[in-house]
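**Student:** Take a look at the following structure, please.
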Amino acid sequence: MMTFKTTMTGLCASALMAGAAGAGDLVINFDDPGPAPKAAFEAAVAAFEAANPDVNVTANINDREAHKTAIRNFLSADAPDITAWYPGNRMAPFVDAGLFEDISDLWASDPNLSTSFEAIKPTMSRDGKQWGVPYSYYQWGVYFRADIFADNGIEKPATWDEMLGACDTLKAAGVTPFTIGTKYLWTAAGVFDYLNLRTNGYEVHNALTAGEIAYTDDRIRATFANWNTMLERCSFVDNHATMSWQDALAPFAQGEAGMYVMGNFAVAAMKDAGLTDDQIGFFQFPEITPGLPRAEEAPADALFIPSGAKNKEDARKFLAFIAQPDIQGAWNKEIGQLPPNSKAEINLDDKFIVQGFETVSTASGLAQFYDRDAPAEMAKGGMEGFQEFMLKPERLDAILNRLDKIQERVYK
Amino acid sequence: MPDTALPNRSWLRANRQRVAPWVFLAPAILFFAIYVIAPIFQSMWFSFYAWDGLGEKEWVGMANYVELFDDDRFYTSLKNNIIWLVLYLLAVPAGLMVALFLNQNIAGMRFYKSMFFFPFVFSQVVVGLIFTWFYNPSFGIVGKVWEFFGASAPSILGDERFVTYGIIFAGLWPQIAYCMILYLTGLNNVSSDQIEAGRLDGARGFRMLRHVILPQLWPATFLAIVVTVIGALRSFDMIAIMTQGGPYGTSNVLSYFMFEQALSEYGFRMGYGSAIAVILFFIMLIFISYFLWVMYQDEKR
């Protein structure tokens with residue numbers, strides 16, 4: 001029944017988006033109707049139209065989840081000229097099915113794209129070609145209640161031991177060290193990614209998500225051993241399996257929990273929950289294995305040209321336009337994220353952006369995220385395993401064996 | 001061209017009685033064939049392929065089924081489906097009890113009846129959401145009750161031991177209302193002569209219910225069982241809203257498992273999803289054929 005409904009929603013959505021596009025018409029399917037993302041996107045479109053008066057842009061702004069469902073239909077049935085999507089493995093099915101346009105020529109010919117996007121270029125590439133242009137990305141790390149830390153005399157932890165020590169103090173003060181909501185699974189992957197990046201480093205993260213290392217490998221076991229330490233000394237809120245990441249903000253805002261491993265998009269939600277700038281702090285996930293080059297999670301959002309687009313010429317013009325430093329700067333200032341263009345200005349009034357920029361620009365490697373770096377099926381199985389481990393750590397062996405079995409099938 | 005039209009018309013006229021029902025049935029048959037029959041065979045066909053819904057289909061023969069029968073998640077879903085089937089049927093006796101209770105003539109009875117029927121009017125999504133809040137250990141009513149007794153509340157939807165029962169309990173609420181309404185209409189048709197006769201023979205209370213009322217309610221009971229069994233097998237909305245099959249897949253049932261594999265964010269394994277759909281279809285087929293057989297026997301009598 002739901003199958004039918006979902007398909008119908010997708011069909012209706014693509015039918016609605018079927019705006020007839022003649023020469024000079026540019027149809028864009030964007031995926032975030034939130035007030036700030038929408039305003040930032042529309043400002044970029046307005047700037048583009050002002051610079052190119054002969055192009056008439058039609059923007060369809062859909063809900064994120066609906067967009068994820070609809071894209072499969074509209075890409076093959078009635079493609080817009082530009083669509084929002086995610087890089088890394090999330091773009092792989094569409095690239096492999098020939099539904100995205102190869103824009104390597106644009107990356108090579110546009111001086112701005114070819115010089116200012118070095119750091120992020122690999123995640124936009126597949127088979128040695130580039131498929132999209134990123135407009136935003138954001139750092140991950142540990143957000144903490146600065147006021148609670150100060151009340152208990154806890155310093156910002158810089159090492160693993162300091163963080164475990166901070167957990168002890170918080171627990172003694174009756175505060176749960178970490179909040180998290182794992183109902184939708186991916187939040188647990190954020191914790192796993194960081195533990196793995198700090199225990200084993202960037203290469204192992206990539207090798208694991210590429211299926212080259214087994215989950216029962218000793219290195220991955222070491223990651224889980226650290227996670228076990230974290231579960232014991234730094235406990236997470238109870239009932240996290242029933243909460244979304246937004247639900248998990250409640251204990252954080254009420255001072256029942258002290259820290260949150262999250263992406264920077266959570267700051268806006270924390271402020272909506274009543275916290276002020278001074279109450280929220282940010283630190284990079286602390287070092288575990290000494291001397292390991294520090295890699296970070298920094299997922300990007302990007303725009304792509306479907307291969308079925310009618311106006312590819314103006315679409316390329318638009319992608320080159322939004323890659324410009326000033327456009328990227330203004331766009332990300334509005335949504336509180338980081339511009340992928342290294343020459344773009346960042347919002348120096350926002351302390352999280354300043355710290356985030358510092359975090360990612362000095363990182364030795366940027367991971368997308370477990371569920372974007374690993375293929376979908378592996379990601380789903382893996383994240384269920386992470387959630388199960390958080391609730392039943394004693395089942396580790398069974399979980400790892402199961403993940404190996406899934407891995408064997410997925411990467412064959 | 002009158003030459004050809006004439007014999008045609010006379011054939012139609014001669015067979016009018018036999019043709020007319022087919023003409024009326026034609027649109028329904030057409031749509032049933034396109035939207036129900038064809039997809040069934042299409043699903044069976046897809047279940048022999050590995051396909052992500054976009055690229056080339058790759059013939060894999062029985063591989064999807066081999067994998068399915070080796071998949072722990074499949075057995076978890078199947079087990080949960082059986083629990084659903086058994087416990088969901090409690091809606092039938094519960095609906096009967098409510099109906100008997102409400103089948104009285106006092107002022108404002110219609111209002112009470114409609115209040116009891118209300119949960120069925122709600123969308124399943126709303127019911128799921130309400131119960132998710134009920135079950136929340138920190139601010140839900142379950143948490144408050146436990147707190148009152150000085151205990152810390154279990155996380156019903158976060159604990160693999162309770163989660164399926166928690167969802168079924170939520171699902172029973174509207175299902176009981178549905179069975180109740182079926183029984184209320186059935187009770188309207190219970191013949192008062194037979195009750196009268198039973199009374200003269202000294203039947204009261206439970207014996208009256210068992211031997212006089214219930215046999216007359218058989219059509220309602222049958223219908224209630226049919227809709228409840230089918231409802232249990234396709235329980236989907238509640239699971240999607242309340243847990244998404246979690247924690248770690250322990251509250252999954254076949255219908256949601258199928259959706260998750262074929263169409264959710266991390267899925268798009270059309271072949272594998274189709275294989276699950278085919279298995280679910282055969283399970284349903286057992287029940288459906290039984291129901292059709294019972295109905296056929298009833299008709300013959």
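Every chain in the structure tokens takes a letter, A first, then B, and so on in the order presented; its residues are numbered from 1, and the ligands are numbered from 1 following the presented order.
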I want to know what sits within 6 Å of Phe48 in chain B, based on only C-alpha atoms, with residues of the same chain fewer than 2 positions away left out; could you give that as a PyMOL selection string?

**Tutor:** chain B and resi 45-46+60-62

**Student:** From the DSSP assignment of the backbone, select every residue of range 108-281 of chain A that is helix (DSSP H, G or I), and format the answer as an MDAnalysis selection string.

**Tutor:** chainID A and resid 108:109 111:116 121:124 146:151 160:172 186:199 202:209 218:233 240:242 249:253 266:272 277:279

**Student:** Residues at most 7 Å from range 180-197 of chain A, counting only C-alpha atoms, excluding those fewer than 4 positions away in the same chain, as a list in words?

**Tutor:**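 Contacts, in chain order: Gly201, Tyr202, His205, Thr223, Trp227, Phe236, Val237, His240, Ala241, Thr242, Met243, Ser244, Trp245, Asp247, Ala248, Tyr260, Val261, Phe285, Ala295, Tyr370, Met383, Glu384, Phe386 and Gln387 of chain A; Thr243 of chain B.
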
**Student:** With a cut-off of 6 Å, could you pull out the residues of chain B touching chain A and give me the nearest pair of atoms for each, distance in Å to one decimal, using only C-alpha atoms, ordered by chain and ascending number, as a tab-separated table?

**Tutor:**
```
residue	atom	partner	partner_atom	distance
B:Gly55	CA	A:Ala97	CA	5.0
B:Ser155	CA	A:Asn239	CA	5.7
B:Gly158	CA	A:Ala241	CA	5.0
B:Pro247	CA	A:Ala241	CA	5.9
B:Tyr248	CA	A:Glu384	CA	4.6
B:Tyr266	CA	A:Ala376	CA	4.6
```

**Student:** Would you mind listing what lies within 9 Å of Phe117 in chain A as a PyMOL selection string, with only C-alpha atoms counted and same-chain residues fewer than 2 positions away left out?

**Tutor:** chain A and resi 112-115+119-121+134+340-343

**Student:** Do you know which residues are at most 8 Å from Ala44 in chain A counting only C-alpha atoms, after dropping those on the same chain fewer than 2 positions away, and could you put them as a PyMOL selection string?

**Tutor:** chain A and resi 40-42+46-48+322+327+331

**Student:** Using only C-alpha atoms, which protein or nucleic acid residues come within 10 Å of range 269-283 of chain A? Drop anything in the same chain fewer than 3 positions from it, and give the result as JSON, numbers by chain.

**Tutor:** {"A": [140, 141, 142, 143, 144, 145, 146, 147, 148, 149, 150, 156, 157, 158, 246, 249, 250, 252, 253, 254, 258, 259, 260, 261, 262, 264, 265, 266, 286, 350, 351, 352, 355, 356, 359]}

**Student:** Would you save the residues of that selection, restricted to C-alpha atoms, as a PDB file, in the first residue's frame?

**Tutor:**
```pdb
ATOM      1  CA  TRP A 140      31.028  17.756  12.675  1.00  0.00           C
ATOM      2  CA  GLY A 141      32.371  17.668  16.182  1.00  0.00           C
ATOM      3  CA  VAL A 142      31.329  17.701  19.804  1.00  0.00           C
ATOM      4  CA  TYR A 143      28.921  20.425  20.916  1.00  0.00           C
ATOM      5  CA  PHE A 144      28.807  20.932  24.658  1.00  0.00           C
ATOM      6  CA  ARG A 145      26.992  22.986  27.281  1.00  0.00           C
ATOM      7  CA  ALA A 146      29.667  25.577  28.051  1.00  0.00           C
ATOM      8  CA  ASP A 147      27.760  26.799  31.135  1.00  0.00           C
ATOM      9  CA  ILE A 148      27.526  23.302  32.638  1.00  0.00           C
ATOM     10  CA  PHE A 149      31.202  22.671  31.909  1.00  0.00           C
ATOM     11  CA  ALA A 150      32.113  25.968  33.617  1.00  0.00           C
ATOM     12  CA  LYS A 156      37.456  21.839  27.002  1.00  0.00           C
ATOM     13  CA  PRO A 157      38.892  18.327  26.526  1.00  0.00           C
ATOM     14  CA  ALA A 158      41.728  18.036  24.013  1.00  0.00           C
ATOM     15  CA  GLN A 246      15.786  16.753  17.226  1.00  0.00           C
ATOM     16  CA  LEU A 249      18.081  18.126  21.807  1.00  0.00           C
ATOM     17  CA  ALA A 250      15.592  18.259  24.682  1.00  0.00           C
ATOM     18  CA  PHE A 252      20.725  18.884  26.039  1.00  0.00           C
ATOM     19  CA  ALA A 253      18.664  22.073  26.239  1.00  0.00           C
ATOM     20  CA  GLN A 254      17.322  21.161  29.683  1.00  0.00           C
ATOM     21  CA  GLY A 258      26.265  17.786  28.522  1.00  0.00           C
ATOM     22  CA  MET A 259      27.582  16.890  25.058  1.00  0.00           C
ATOM     23  CA  TYR A 260      26.335  16.024  21.575  1.00  0.00           C
ATOM     24  CA  VAL A 261      28.342  14.575  18.661  1.00  0.00           C
ATOM     25  CA  MET A 262      26.671  16.401  15.784  1.00  0.00           C
ATOM     26  CA  ASN A 264      26.879  22.170  12.644  1.00  0.00           C
ATOM     27  CA  PHE A 265      23.290  22.340  11.409  1.00  0.00           C
ATOM     28  CA  ALA A 266      22.281  21.427  14.961  1.00  0.00           C
ATOM     29  CA  PRO A 286      39.642  14.526  20.731  1.00  0.00           C
ATOM     30  CA  ASP A 350      29.588  33.192  13.965  1.00  0.00           C
ATOM     31  CA  LYS A 351      31.976  31.464  16.361  1.00  0.00           C
ATOM     32  CA  PHE A 352      30.876  28.005  15.231  1.00  0.00           C
ATOM     33  CA  GLN A 355      35.872  27.099  14.591  1.00  0.00           C
ATOM     34  CA  GLY A 356      34.398  24.873  11.919  1.00  0.00           C
ATOM     35  CA  THR A 359      38.619  22.441  11.958  1.00  0.00           C
TER      36      THR A 359
END
```
